[in-house]
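Trainee: To be precise about what I am sending: the file is called query_29.tsv and holds TSV, C-alpha atoms.
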```
chain	number	residue	atom	x	y	z
K	1	MET	CA	28.47	-14.30	-12.64
K	2	ASN	CA	31.34	-14.92	-15.07
K	3	ALA	CA	29.39	-13.39	-17.94
K	4	MET	CA	28.78	-10.14	-16.08
K	5	THR	CA	32.33	-10.00	-14.72
K	6	ALA	CA	33.82	-10.51	-18.16
K	7	VAL	CA	31.69	-7.80	-19.69
K	8	SER	CA	32.41	-5.38	-16.83
K	9	GLN	CA	36.17	-5.88	-17.15
K	10	ASN	CA	36.06	-4.96	-20.84
K	11	LYS	CA	34.21	-1.69	-20.25
K	12	SER	CA	35.04	1.55	-18.55
K	13	GLU	CA	31.46	1.77	-17.25
K	14	LEU	CA	29.47	-0.73	-15.26
K	15	ILE	CA	26.62	-2.69	-16.81
K	16	ARG	CA	23.29	-0.81	-16.79
K	17	ALA	CA	20.99	-3.78	-17.27
K	18	CYS	CA	20.93	-7.54	-17.50
K	19	THR	CA	18.66	-10.39	-18.42
K	20	VAL	CA	18.10	-13.27	-15.99
K	21	SER	CA	16.87	-16.58	-17.36
K	22	ARG	CA	17.41	-20.31	-17.51
K	23	ASP	CA	18.85	-19.84	-21.02
K	24	VAL	CA	18.69	-16.43	-22.69
K	25	GLN	CA	18.99	-18.07	-26.13
K	26	SER	CA	15.41	-19.27	-25.63
K	27	PHE	CA	14.35	-15.60	-25.71
K	28	ASP	CA	16.06	-14.37	-28.88
K	29	LEU	CA	13.61	-11.48	-29.35
K	30	LEU	CA	14.54	-10.22	-25.88
K	31	ILE	CA	18.22	-10.22	-26.87
K	32	GLU	CA	17.43	-8.03	-29.88
K	33	ASP	CA	15.37	-5.57	-27.83
K	34	MET	CA	17.99	-5.35	-25.07
K	35	GLU	CA	20.64	-4.50	-27.68
K	36	THR	CA	18.35	-1.84	-29.13
K	37	GLU	CA	17.64	-0.35	-25.71
K	38	PHE	CA	21.05	-0.60	-24.01
K	39	GLY	CA	23.57	-1.15	-26.81
K	40	GLU	CA	26.49	-3.02	-25.30
K	41	ASP	CA	25.78	-1.92	-21.72
K	42	TRP	CA	23.97	-5.09	-20.70
K	43	GLY	CA	24.74	-8.68	-19.77
K	44	ASP	CA	22.94	-11.94	-19.15
K	45	LEU	CA	22.91	-14.23	-16.11
K	46	THR	CA	21.43	-17.52	-15.10
K	47	PHE	CA	19.26	-17.66	-11.97
K	48	ALA	CA	22.13	-18.86	-9.77
K	49	GLU	CA	24.55	-16.30	-11.19
K	50	ALA	CA	22.06	-13.47	-10.69
K	51	TYR	CA	21.35	-14.46	-7.09
K	52	ALA	CA	25.09	-14.35	-6.32
K	53	TYR	CA	25.84	-11.23	-8.39
K	54	LEU	CA	23.19	-9.12	-6.66
K	55	SER	CA	25.26	-9.33	-3.47
K	56	GLU	CA	28.29	-7.82	-5.24
K	57	PRO	CA	29.10	-4.06	-5.05
K	58	ASP	CA	28.99	-3.74	-8.86
K	59	ALA	CA	25.33	-4.77	-8.87
K	60	GLY	CA	24.40	-1.40	-7.39
K	61	ALA	CA	25.01	0.20	-10.80
K	62	LEU	CA	22.26	-1.86	-12.45
K	63	GLU	CA	19.20	0.09	-13.54
K	64	VAL	CA	17.03	-2.80	-14.69
K	65	ILE	CA	16.96	-6.58	-14.59
K	66	ALA	CA	14.66	-8.39	-17.04
K	67	ILE	CA	13.73	-11.83	-15.69
K	68	ALA	CA	12.64	-14.08	-18.57
K	69	LEU	CA	10.46	-17.05	-17.62
K	70	ASP	CA	8.33	-19.71	-19.23
K	71	ASP	CA	6.36	-22.70	-17.98
K	72	ALA	CA	9.56	-24.77	-17.69
K	73	ASP	CA	10.76	-22.41	-14.93
K	74	GLU	CA	7.94	-23.05	-12.46
K	75	SER	CA	10.20	-25.24	-10.32
K	76	SER	CA	12.65	-22.30	-9.96
K	77	MET	CA	10.21	-19.88	-8.35
K	78	GLN	CA	11.96	-19.87	-4.96
K	79	ILE	CA	15.27	-18.61	-6.33
K	80	VAL	CA	13.43	-16.18	-8.66
K	81	ARG	CA	11.65	-14.67	-5.66
K	82	GLY	CA	15.02	-14.41	-3.92
K	83	ILE	CA	16.43	-12.54	-6.93
K	84	ILE	CA	13.47	-10.16	-6.91
K	85	GLU	CA	13.84	-9.47	-3.19
K	86	LYS	CA	17.58	-8.79	-3.53
K	87	ALA	CA	17.09	-6.50	-6.53
K	88	SER	CA	14.24	-4.65	-4.84
K	89	ALA	CA	16.36	-4.09	-1.72
K	90	ARG	CA	19.00	-2.43	-3.91
K	91	SER	CA	16.39	-0.28	-5.72
K	92	ILE	CA	16.95	-2.04	-9.04
K	93	HIS	CA	13.96	-2.05	-11.38
K	94	ILE	CA	12.54	-5.51	-12.08
K	95	LEU	CA	10.74	-6.48	-15.28
K	96	LEU	CA	9.20	-9.89	-15.90
K	97	ILE	CA	9.25	-11.31	-19.42
K	98	ALA	CA	6.75	-14.17	-19.29
K	99	GLU	CA	5.78	-16.85	-21.79
K	100	ALA	CA	3.05	-19.37	-20.88
K	101	LEU	CA	3.63	-18.73	-17.18
K	102	SER	CA	0.84	-19.53	-14.76
K	103	PRO	CA	-1.19	-16.38	-13.87
K	104	ILE	CA	-0.97	-17.37	-10.20
K	105	LEU	CA	2.83	-17.52	-10.29
K	106	LEU	CA	3.00	-14.27	-12.25
K	107	HIS	CA	0.81	-12.58	-9.64
K	108	GLN	CA	3.02	-13.95	-6.82
K	109	LEU	CA	6.15	-12.54	-8.45
K	110	LEU	CA	4.53	-9.13	-8.89
K	111	ARG	CA	3.57	-9.25	-5.21
K	112	ALA	CA	7.17	-10.10	-4.32
K	113	GLY	CA	8.37	-6.82	-5.83
K	114	ALA	CA	8.51	-7.12	-9.62
K	115	GLU	CA	7.27	-3.83	-11.05
K	116	ASP	CA	5.94	-4.72	-14.49
K	117	PHE	CA	5.66	-7.60	-16.92
K	118	VAL	CA	5.73	-7.98	-20.68
K	119	PRO	CA	4.40	-11.05	-22.51
K	120	TYR	CA	6.71	-13.09	-24.74
K	121	PRO	CA	7.02	-13.07	-27.73
K	122	LEU	CA	7.58	-9.36	-27.19
K	123	PRO	CA	5.12	-7.02	-28.93
K	124	GLU	CA	6.74	-4.19	-30.88
K	125	ASN	CA	8.30	-1.54	-28.59
K	126	ALA	CA	6.91	-3.35	-25.50
K	127	LEU	CA	10.27	-3.48	-23.71
K	128	HIS	CA	10.98	0.18	-24.51
K	129	ASP	CA	7.56	1.25	-23.25
K	130	ALA	CA	7.97	-0.73	-20.02
K	131	ILE	CA	11.35	0.87	-19.33
K	132	GLU	CA	9.87	4.30	-20.04
K	133	ARG	CA	7.18	3.63	-17.43
K	134	LEU	CA	9.88	2.78	-14.89
K	135	HIS	CA	11.72	6.01	-15.65
K	136	LYS	CA	8.52	8.00	-15.20
K	137	ALA	CA	7.95	6.29	-11.85
K	138	ASP	CA	11.49	7.28	-10.82
K	139	GLN	CA	10.79	10.90	-11.70
K	140	ALA	CA	7.54	10.83	-9.71
K	141	LYS	CA	9.45	9.53	-6.68
K	142	LEU	CA	12.06	12.29	-7.06
K	143	ASP	CA	9.31	14.90	-7.25
K	144	THR	CA	7.70	13.52	-4.11
K	145	ALA	CA	11.01	13.30	-2.31
K	146	ALA	CA	11.61	16.96	-3.17
K	147	ALA	CA	8.24	17.78	-1.66
K	148	PHE	CA	9.24	15.96	1.52
K	149	THR	CA	12.33	18.11	1.93
K	150	THR	CA	10.51	21.42	1.67
K	151	PRO	CA	10.81	23.47	4.87
K	152	GLY	CA	7.91	23.48	7.28
K	153	GLY	CA	5.52	20.65	8.13
K	154	LYS	CA	1.99	20.06	6.94
K	155	GLN	CA	0.68	18.75	10.30
K	156	GLY	CA	-2.07	16.95	8.44
K	157	SER	CA	-5.27	15.43	9.78
K	158	VAL	CA	-5.03	11.92	11.24
K	159	LEU	CA	-7.99	9.55	10.84
K	160	ALA	CA	-7.91	6.12	12.49
K	161	VAL	CA	-10.20	3.24	11.57
K	162	GLN	CA	-10.80	0.07	13.60
K	163	ALA	CA	-13.24	-2.80	13.07
K	164	LEU	CA	-15.14	-3.96	16.14
K	165	CYS	CA	-15.90	-7.32	14.53
K	166	GLY	CA	-14.59	-9.44	11.69
K	167	GLY	CA	-15.77	-8.41	8.22
K	168	ALA	CA	-16.98	-4.97	9.31
K	169	GLY	CA	-15.32	-3.36	6.28
K	170	SER	CA	-12.66	-1.22	7.93
K	171	THR	CA	-9.97	-1.73	5.27
K	172	ASN	CA	-12.46	-1.11	2.47
K	173	PHE	CA	-13.51	2.11	4.23
K	174	VAL	CA	-9.86	3.16	4.66
K	175	VAL	CA	-8.92	2.56	1.03
K	176	ASN	CA	-11.92	4.31	-0.48
K	177	MET	CA	-11.87	7.21	1.98
K	178	ALA	CA	-8.19	7.77	1.23
K	179	TRP	CA	-8.78	7.68	-2.53
K	180	GLU	CA	-11.64	10.18	-2.30
K	181	LEU	CA	-9.56	12.56	-0.17
K	182	ALA	CA	-6.62	12.23	-2.58
K	183	GLN	CA	-8.65	13.68	-5.45
K	184	ILE	CA	-11.19	15.79	-3.60
K	185	SER	CA	-9.80	19.09	-4.80
K	186	LYS	CA	-9.46	19.89	-8.50
K	187	THR	CA	-7.43	23.03	-7.88
K	188	GLU	CA	-5.20	22.11	-4.93
K	189	GLU	CA	-3.21	18.90	-4.59
K	190	ARG	CA	-3.88	16.98	-1.39
K	191	LYS	CA	-1.30	14.44	-0.26
K	192	VAL	CA	-2.82	11.37	1.39
K	193	CYS	CA	-1.07	8.50	3.14
K	194	ILE	CA	-2.41	5.18	4.46
K	195	LEU	CA	-0.61	3.47	7.34
K	196	ASP	CA	-1.51	-0.23	7.57
K	197	PHE	CA	-0.80	-1.06	11.22
K	198	ASP	CA	-2.32	-4.53	11.07
K	199	PHE	CA	1.08	-6.22	11.04
K	200	GLN	CA	-0.40	-9.71	10.80
K	201	SER	CA	-3.29	-9.62	8.34
K	202	GLY	CA	-3.33	-6.10	6.89
K	203	SER	CA	-4.95	-6.05	3.44
K	204	VAL	CA	-4.46	-2.51	2.13
K	205	ALA	CA	-1.74	-3.78	-0.23
K	206	THR	CA	-4.14	-6.39	-1.60
K	207	TYR	CA	-6.99	-3.92	-2.05
K	208	LEU	CA	-4.73	-1.61	-4.08
K	209	ASP	CA	-2.63	-4.32	-5.76
K	210	LEU	CA	0.63	-3.09	-4.24
K	211	ALA	CA	3.75	-5.09	-3.43
K	212	ARG	CA	4.74	-5.85	0.15
K	213	THR	CA	8.48	-5.27	0.53
K	214	GLU	CA	11.15	-5.88	3.13
K	215	LYS	CA	11.65	-2.11	3.35
K	216	VAL	CA	8.58	-1.84	5.60
K	217	TYR	CA	10.09	-4.10	8.25
K	218	GLU	CA	13.42	-2.31	7.93
K	219	LEU	CA	11.67	1.00	8.60
K	220	LEU	CA	9.59	-0.27	11.52
K	221	SER	CA	12.58	-1.91	13.17
K	222	GLN	CA	14.64	1.30	13.06
K	223	THR	CA	12.23	4.11	13.84
K	224	ALA	CA	14.73	5.81	16.14
K	225	SER	CA	16.96	6.63	13.15
K	226	MET	CA	14.11	7.14	10.67
K	227	ASP	CA	14.22	10.24	8.47
K	228	ALA	CA	12.04	11.44	5.61
K	229	ASP	CA	14.12	9.62	3.00
K	230	ALA	CA	13.83	6.28	4.81
K	231	PHE	CA	10.11	6.79	5.36
K	232	PHE	CA	9.51	7.64	1.71
K	233	ALA	CA	11.59	4.64	0.52
K	234	ALA	CA	9.24	2.30	2.40
K	235	LEU	CA	6.07	3.73	0.82
K	236	GLN	CA	4.25	2.29	-2.18
K	237	VAL	CA	2.44	4.64	-4.56
K	238	PHE	CA	-0.96	3.96	-6.13
K	239	GLN	CA	-1.59	5.78	-9.42
K	240	GLU	CA	0.82	8.57	-8.41
K	241	LYS	CA	-1.73	9.97	-5.95
K	242	LEU	CA	-2.05	7.74	-2.91
K	243	TYR	CA	0.89	6.73	-0.69
K	244	VAL	CA	0.78	3.56	1.37
K	245	LEU	CA	2.89	2.06	4.12
K	246	THR	CA	1.75	-1.52	3.61
K	247	ALA	CA	1.72	-4.23	6.23
K	248	PRO	CA	5.08	-6.08	6.37
K	249	SER	CA	5.67	-8.92	3.92
K	250	ASP	CA	5.81	-11.44	6.80
K	251	MET	CA	3.31	-11.96	9.61
K	252	LEU	CA	4.75	-10.16	12.63
K	253	PRO	CA	3.64	-9.71	16.25
K	254	LEU	CA	1.19	-6.88	16.79
K	255	ASP	CA	3.37	-5.65	19.66
K	256	LEU	CA	6.34	-5.31	17.29
K	257	LEU	CA	6.41	-1.56	17.99
K	258	ALA	CA	6.28	0.27	21.28
K	259	PRO	CA	3.97	3.29	21.71
K	260	GLU	CA	6.79	5.75	21.18
K	261	GLU	CA	7.75	4.04	17.90
K	262	ILE	CA	4.17	4.20	16.63
K	263	ASP	CA	4.18	7.87	17.63
K	264	ARG	CA	7.29	8.48	15.48
K	265	VAL	CA	5.78	6.85	12.39
K	266	VAL	CA	2.47	8.71	12.71
K	267	SER	CA	4.26	12.02	13.36
K	268	MET	CA	6.48	11.52	10.31
K	269	ALA	CA	3.46	10.84	8.11
K	270	ARG	CA	1.55	13.78	9.54
K	271	GLU	CA	4.51	16.05	8.87
K	272	HIS	CA	4.42	15.33	5.13
K	273	PHE	CA	0.80	14.60	4.26
K	274	ASP	CA	-2.47	16.49	4.41
K	275	TYR	CA	-4.35	13.37	5.47
K	276	VAL	CA	-3.03	10.29	7.26
K	277	ILE	CA	-5.47	7.37	7.47
K	278	ILE	CA	-4.54	4.51	9.80
K	279	ASP	CA	-5.93	1.00	9.39
K	280	LEU	CA	-5.79	-0.62	12.83
K	281	PRO	CA	-5.98	-4.30	13.76
K	282	ARG	CA	-9.08	-5.51	15.58
K	283	ALA	CA	-6.99	-6.26	18.66
K	284	VAL	CA	-6.50	-3.45	21.17
K	285	MET	CA	-2.75	-3.02	21.70
K	286	HIS	CA	-0.68	-1.08	24.20
K	287	TRP	CA	-0.13	1.48	21.41
K	288	THR	CA	-3.81	1.83	20.44
K	289	GLU	CA	-4.18	4.73	22.87
K	290	THR	CA	-1.20	6.41	21.19
K	291	VAL	CA	-3.02	6.31	17.85
K	292	LEU	CA	-6.21	7.56	19.47
K	293	ASN	CA	-4.38	10.52	21.03
K	294	LYS	CA	-2.75	11.40	17.69
K	295	SER	CA	-6.04	11.15	15.76
K	296	ASP	CA	-8.45	13.90	14.88
K	297	ALA	CA	-11.21	11.29	14.47
K	298	PHE	CA	-11.41	7.59	15.32
K	299	PHE	CA	-13.86	5.56	13.23
K	300	ALA	CA	-15.18	2.37	14.89
K	301	MET	CA	-16.73	0.05	12.31
K	302	MET	CA	-19.61	-2.22	13.34
K	303	GLU	CA	-22.55	-4.15	11.93
K	304	LEU	CA	-26.15	-4.64	12.97
K	305	ASP	CA	-25.69	-7.89	14.91
K	306	MET	CA	-25.11	-9.16	18.43
K	307	ARG	CA	-21.35	-9.69	18.12
K	308	SER	CA	-20.86	-6.04	17.12
K	309	ALA	CA	-23.03	-4.87	20.01
K	310	GLN	CA	-21.15	-7.01	22.53
K	311	ASN	CA	-17.70	-6.02	21.24
K	312	THR	CA	-18.67	-2.35	21.22
K	313	LEU	CA	-19.86	-2.57	24.80
K	314	ARG	CA	-16.64	-4.27	25.88
K	315	MET	CA	-14.52	-1.66	24.13
K	316	ILE	CA	-16.44	1.22	25.70
K	317	ARG	CA	-16.02	-0.32	29.14
K	318	ALA	CA	-12.28	-0.79	28.59
K	319	LEU	CA	-11.78	2.81	27.44
K	320	LYS	CA	-13.80	4.23	30.31
K	321	ALA	CA	-11.89	2.07	32.81
K	322	ASP	CA	-8.71	3.79	31.63
K	323	SER	CA	-10.39	7.21	31.70
K	324	ILE	CA	-10.00	7.60	27.93
K	325	ASP	CA	-12.22	10.21	26.32
K	326	LEU	CA	-14.63	8.86	23.70
K	327	SER	CA	-15.25	12.22	22.07
K	328	LYS	CA	-13.10	11.34	19.04
K	329	HIS	CA	-15.01	8.14	18.33
K	330	ARG	CA	-17.28	8.05	15.30
K	331	PHE	CA	-19.35	4.85	15.32
K	332	VAL	CA	-19.99	3.61	11.80
K	333	LEU	CA	-22.73	1.12	10.97
K	334	ASN	CA	-21.69	-0.82	7.88
K	335	ARG	CA	-24.25	-2.61	5.69
K	336	ALA	CA	-26.90	-0.43	7.29
K	337	PRO	CA	-30.60	-1.07	6.59
K	338	LYS	CA	-32.03	0.52	3.48
K	339	PHE	CA	-34.29	3.57	3.73
K	340	THR	CA	-37.38	1.42	3.20
K	341	ASP	CA	-36.34	-1.19	5.80
K	342	LEU	CA	-38.22	0.29	8.74
K	343	GLY	CA	-37.70	-2.80	10.88
K	344	GLY	CA	-33.94	-2.69	10.35
K	345	LYS	CA	-33.77	1.03	11.06
K	346	SER	CA	-35.69	0.47	14.30
K	347	ARG	CA	-33.24	-2.28	15.34
K	348	ALA	CA	-30.28	0.02	14.63
K	349	LYS	CA	-31.82	2.77	16.74
K	350	ARG	CA	-32.47	0.39	19.66
K	351	MET	CA	-28.91	-0.96	19.48
K	352	ALA	CA	-27.42	2.54	19.59
K	353	GLU	CA	-29.61	3.51	22.54
K	354	SER	CA	-28.75	0.36	24.49
K	355	LEU	CA	-25.03	1.02	23.96
K	356	GLY	CA	-25.31	4.71	24.75
K	357	ILE	CA	-23.73	5.79	21.47
K	358	ASP	CA	-24.62	7.76	18.36
K	359	LEU	CA	-24.25	6.11	14.97
K	360	HIS	CA	-22.50	8.86	13.06
K	361	LEU	CA	-22.45	7.07	9.70
K	362	HIS	CA	-24.81	4.60	8.08
K	363	LEU	CA	-22.99	2.93	5.18
K	364	PRO	CA	-25.17	0.97	2.75
K	365	ASP	CA	-24.26	-2.49	1.49
K	366	GLY	CA	-22.11	-2.07	-1.60
K	367	GLY	CA	-22.89	-5.59	-2.76
K	368	ILE	CA	-20.73	-7.81	-4.91
K	369	GLN	CA	-19.07	-4.79	-6.57
K	370	VAL	CA	-17.12	-4.15	-3.36
K	371	ARG	CA	-15.66	-7.65	-3.37
K	372	ASP	CA	-14.84	-7.47	-7.08
K	373	ALA	CA	-13.19	-4.04	-6.76
K	374	ASN	CA	-11.00	-5.31	-3.93
K	375	ASP	CA	-10.08	-8.45	-5.89
K	376	HIS	CA	-9.07	-6.26	-8.84
K	377	GLY	CA	-6.98	-3.99	-6.60
K	378	LEU	CA	-8.99	-0.86	-7.38
K	379	PRO	CA	-10.94	1.72	-5.34
K	380	LEU	CA	-14.68	1.71	-5.94
K	381	ALA	CA	-14.45	5.03	-7.79
K	382	GLU	CA	-12.26	3.36	-10.43
K	383	PHE	CA	-14.35	0.18	-10.63
K	384	ALA	CA	-17.98	1.02	-9.89
K	385	GLY	CA	-18.48	4.78	-9.86
K	386	LYS	CA	-22.22	4.63	-9.09
K	387	ASN	CA	-22.03	2.22	-6.18
K	388	PRO	CA	-24.22	3.43	-3.26
K	389	LEU	CA	-21.47	2.76	-0.72
K	390	LEU	CA	-19.06	4.94	-2.70
K	391	LYS	CA	-21.55	7.81	-2.70
K	392	GLU	CA	-21.79	7.75	1.10
K	393	ILE	CA	-18.02	7.52	1.56
K	394	ARG	CA	-17.54	10.41	-0.87
K	395	LYS	CA	-20.02	12.51	1.08
K	396	THR	CA	-18.12	11.74	4.30
K	397	ALA	CA	-14.79	12.62	2.65
K	398	ILE	CA	-16.17	16.01	1.59
K	399	GLU	CA	-17.36	16.71	5.14
K	400	LEU	CA	-13.97	15.76	6.60
K	401	HIS	CA	-12.17	17.89	4.02
K	402	ASN	CA	-14.35	20.90	4.75
K	403	THR	CA	-13.83	20.51	8.49
K	404	ALA	CA	-10.05	20.19	8.09
K	405	SER	CA	-9.93	23.22	5.79
K	406	ALA	CA	-11.96	25.32	8.21
K	407	THR	CA	-9.71	24.28	11.11
K	408	LYS	CA	-6.62	25.19	9.12
K	409	LEU	CA	-8.00	28.63	8.24
K	410	ALA	CA	-8.92	29.27	11.86
K	411	ALA	CA	-5.40	28.36	12.95
K	412	GLU	CA	-3.89	30.78	10.45
```
Would you mind giving the structure from this file in C-alpha cells?
Mentor:
Amino acid sequence: MNAMTAVSQNKSELIRACTVSRDVQSFDLLIEDMETEFGEDWGDLTFAEAYAYLSEPDAGALEVIAIALDDADESSMQIVRGIIEKASARSIHILLIAEALSPILLHQLLRAGAEDFVPYPLPENALHDAIERLHKADQAKLDTAAAFTTPGGKQGSVLAVQALCGGAGSTNFVVNMAWELAQISKTEERKVCILDFDFQSGSVATYLDLARTEKVYELLSQTASMDADAFFAALQVFQEKLYVLTAPSDMLPLDLLAPEEIDRVVSMAREHFDYVIIDLPRAVMHWTETVLNKSDAFFAMMELDMRSAQNTLRMIRALKADSIDLSKHRFVLNRAPKFTDLGGKSRAKRMAESLGIDLHLHLPDGGIQVRDANDHGLPLAEFAGKNPLLKEIRKTAIELHNTASATKLAAE
C-alpha cells in the first residue's frame, strides 16, 4: 500500500487506476500502456498491498485495476480471488492481464467477477480497447438505470418454469425463451429479466457465461429496504439485452427467503421489465405458491418416463390438497417423440390421459448442440440457429408475446 499512498500524497487527485501483480517489472509492456492510458494517474501494488488497500476509503476513487498474472502466480489464486471480490463489491472494473495462465484458472477468475482479460504480451491497443469496452458497459448501465427511474410501472408478464424431474431442461428452456422474447420485436424494445431462484444449484449464470457476485446475496438478504437501484446493481447483463439475477455465489438454503420477500423481488422485476422469467428449483418450497400466484403462466417440464409421470402425479395431488388452481400450469414434454415415432407419440398420449393433463408443448430433442451451446455460455440462437428445439421455443415465444400484447391492448 505504500506505493499507492506515496503517489496519492503527491497528487491533488486520487489515483484512477492501478496494476496488481507479483512484480510489475515482469510486465514492462503493461507499464508502458498504463502510462499511455492514464498518464501519471495510476499506481502499482502487490497482491497483499492490493488486498489491504481495497478496504481503504481512497480505493473508492479507482476506476480500473489491472491484475497481471502468469503461471508462477497459480499458488496465489486465493488472494487474487479475494482482490476481485473486494474490487467488484466497490464497483471497480477488473481487467486480467494473463501470460501462460491455465485456462481453468482464468475461467475461475472471470467467474469470480473479473470483467475482461487481455493476453500478455499485450497486442497493440489491446489495453485501450478493453478499457473502452468497460466504459461502454458503464454507459449501458446508466441508460438502463435511467429507464428504471421513469415514472409508471410496466407490470410485465411473469412466466415461471419448474422441472418435475432431474435433467428435464427447465434452465435451458428459461434461457432460450428469455433470449427469444428479448429480441422478438424489431421495432419495439422489450426488456426481459431472468430470476434464478434455485439458490443451491441454479445454472442460468453458467448457461450465459455470467459472473456470480456477492451483490445477489446482499440484495436477497435485504429485500425490505430494496429499491430499483439496489435491484439493478445485483443484475448481470447478457449482450446488453437480457438481464439476469443469478443464483448466489454460495450454495444457500432454499428457504433463505420468506414468501413476502420473494413477492418483493418478483414485484420489483415486474415493475421494470416486460417479461420476467423465473427458474425455480425442483423442490416445492413454502414460497412456490407465491410465485404461482404472481405468474401469468407456470411451465412444468417433464419427460416421457416413469419418474416424470410419478412426480407429476404427486405434484398435482399436493396442489389439489391445498386447493390450488392448476389453470396456470402448462405441461411441457421435453425430448418429445419425433413426428414419425408413432409408438412414442402413443405413449405420450396415454401418459397424459392417465395423469389427467394436457401436454401443451412438445419440445424435440435438441441433441448435442444444446449441451455445447450451454457449455459455451450462449443461447441456441447464437450457437445453432437451425436447431429444431430452438424453432419450437421461438414459436412458443411468439405466441406468448402475441397473447401479452393483446392483453395489454385490452387493458388500455
Trainee: If we draw a sphere of 10 Å around (13.5, -18.8, -27.1), which residues have at least one atom in it when counting all atoms listed in the file? Please report them as a ChimeraX atom specification.
Mentor: /K:23-31,68,70,99,120-121
Trainee: Sorted by chain and rising residue number, which residues of region 257-318 of chain K lie within 8 Å of region 152-172 of chain K, and what are their closest atom pairs and distances in Å to one decimal, counting all atoms listed in the file, as CSV?
Mentor:
```
residue,atom,partner,partner_atom,distance
K:Arg270,CA,K:Gly156,CA,4.9
K:Glu271,CA,K:Gly153,CA,4.8
K:His272,CA,K:Lys154,CA,5.6
K:Phe273,CA,K:Gly156,CA,5.6
K:Asp274,CA,K:Gly156,CA,4.1
K:Tyr275,CA,K:Ser157,CA,4.9
K:Val276,CA,K:Val158,CA,4.7
K:Ile277,CA,K:Leu159,CA,4.7
K:Ile278,CA,K:Ala160,CA,4.6
K:Asp279,CA,K:Val161,CA,5.3
K:Leu280,CA,K:Gln162,CA,5.1
K:Pro281,CA,K:Gln162,CA,6.5
K:Arg282,CA,K:Ala163,CA,5.6
K:Val291,CA,K:Ala160,CA,7.3
K:Leu292,CA,K:Ala160,CA,7.3
K:Lys294,CA,K:Val158,CA,6.9
K:Ser295,CA,K:Val158,CA,4.7
K:Asp296,CA,K:Val158,CA,5.4
K:Ala297,CA,K:Leu159,CA,5.2
K:Phe298,CA,K:Ala160,CA,4.7
K:Phe299,CA,K:Val161,CA,4.6
K:Ala300,CA,K:Gln162,CA,5.1
K:Met301,CA,K:Ala163,CA,4.6
K:Met302,CA,K:Ala168,CA,5.5
K:Glu303,CA,K:Ala168,CA,6.2
K:Arg307,CA,K:Cys165,CA,6.9
K:Ser308,CA,K:Cys165,CA,5.7
K:Asn311,CA,K:Leu164,CA,6.1
K:Thr312,CA,K:Leu164,CA,6.4
```
Trainee: Tell me, as a ChimeraX atom specification, which residues lie within 9 Å of Gly60 (chain K), counting all atoms listed in the file; anything in the same chain fewer than 3 positions away does not count.
Mentor: /K:54-57,63,87,90-92
Trainee: Taking into account all atoms listed in the file, which residue in the set K:Glu40, K:Met268, K:Asp305, K:Ser76 is nearest to Asp229 (chain K)?
Mentor: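 Looking only at the distances to Asp229 (chain K), the closest residue turns out to be K:Met268.
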Trainee: Neighbours of Ala178 (chain K) within 12 Å (all atoms listed in the file; same-chain residues fewer than 2 positions away dropped), as a compact mmCIF listing (two decimals) with C-alpha atoms, keeping the file's coordinate frame?
Mentor:
```
# COMPACT_ATOMS: atom_id res chain seq x y z
CA SER K 157 -5.27 15.43 9.78
CA VAL K 158 -5.03 11.92 11.24
CA LEU K 159 -7.99 9.55 10.84
CA ALA K 160 -7.91 6.12 12.49
CA VAL K 161 -10.20 3.24 11.57
CA THR K 171 -9.97 -1.73 5.27
CA ASN K 172 -12.46 -1.11 2.47
CA PHE K 173 -13.51 2.11 4.23
CA VAL K 174 -9.86 3.16 4.66
CA VAL K 175 -8.92 2.56 1.03
CA ASN K 176 -11.92 4.31 -0.48
CA GLU K 180 -11.64 10.18 -2.30
CA LEU K 181 -9.56 12.56 -0.17
CA ALA K 182 -6.62 12.23 -2.58
CA GLN K 183 -8.65 13.68 -5.45
CA ILE K 184 -11.19 15.79 -3.60
CA ARG K 190 -3.88 16.98 -1.39
CA LYS K 191 -1.30 14.44 -0.26
CA VAL K 192 -2.82 11.37 1.39
CA CYS K 193 -1.07 8.50 3.14
CA ILE K 194 -2.41 5.18 4.46
CA LEU K 195 -0.61 3.47 7.34
CA VAL K 204 -4.46 -2.51 2.13
CA LEU K 208 -4.73 -1.61 -4.08
CA PHE K 238 -0.96 3.96 -6.13
CA LYS K 241 -1.73 9.97 -5.95
CA LEU K 242 -2.05 7.74 -2.91
CA TYR K 243 0.89 6.73 -0.69
CA VAL K 244 0.78 3.56 1.37
CA PHE K 273 0.80 14.60 4.26
CA ASP K 274 -2.47 16.49 4.41
CA TYR K 275 -4.35 13.37 5.47
CA VAL K 276 -3.03 10.29 7.26
CA ILE K 277 -5.47 7.37 7.47
CA ILE K 278 -4.54 4.51 9.80
CA ASP K 279 -5.93 1.00 9.39
CA PRO K 379 -10.94 1.72 -5.34
CA LEU K 380 -14.68 1.71 -5.94
CA ALA K 381 -14.45 5.03 -7.79
CA LEU K 390 -19.06 4.94 -2.70
CA ILE K 393 -18.02 7.52 1.56
CA ARG K 394 -17.54 10.41 -0.87
CA THR K 396 -18.12 11.74 4.30
CA ALA K 397 -14.79 12.62 2.65
CA ILE K 398 -16.17 16.01 1.59
CA LEU K 400 -13.97 15.76 6.60
CA HIS K 401 -12.17 17.89 4.02
```
Trainee: Using all atoms listed in the file, can you tell me which of K:Lys395, K:Ile368, K:Lys86, K:Ala309 comes closest to Gly356 (chain K)?
Mentor: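 Checking each candidate against Gly356 (chain K), we get K:Ala309 as the closest.
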Trainee: Near Asp250 (chain K), within 10 Å and counting all atoms listed in the file, which residues show up once chain neighbours fewer than 6 positions away are dropped, as a PyMOL selection string?
Mentor: chain K and resi 199-201+212-214+217
Trainee: Could you work out how far CA of Asp358 (chain K) lies from CA of Asp322 (chain K), giving the answer in Å with one decimal?
Mentor: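 About the pair CA of Asp322 (chain K) and CA of Asp358 (chain K): they are 21.1 Å apart.
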Trainee: So what do you get for CA of Ser225 (chain K) versus CA of Arg264 (chain K), distance-wise?
Mentor: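 Computing it gives 10.1 Å between the two atoms.
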Trainee: Please give the centre and size of the box around region 301-308 of chain K (axis-aligned, containing every atom listed in the file, 8 Å added per side), with values in Å to one decimal and written as JSON.
Mentor:
```
{"center_x": -21.4, "center_y": -4.8, "center_z": 15.2, "size_x": 25.4, "size_y": 25.7, "size_z": 22.5}
```
Trainee: Would you mind listing what lies within 10 Å of Gly367 (chain K) as a ChimeraX atom specification, with all atoms listed in the file counted and same-chain residues fewer than 2 positions away left out?
Mentor: /K:335,364-365,369-372,387-389
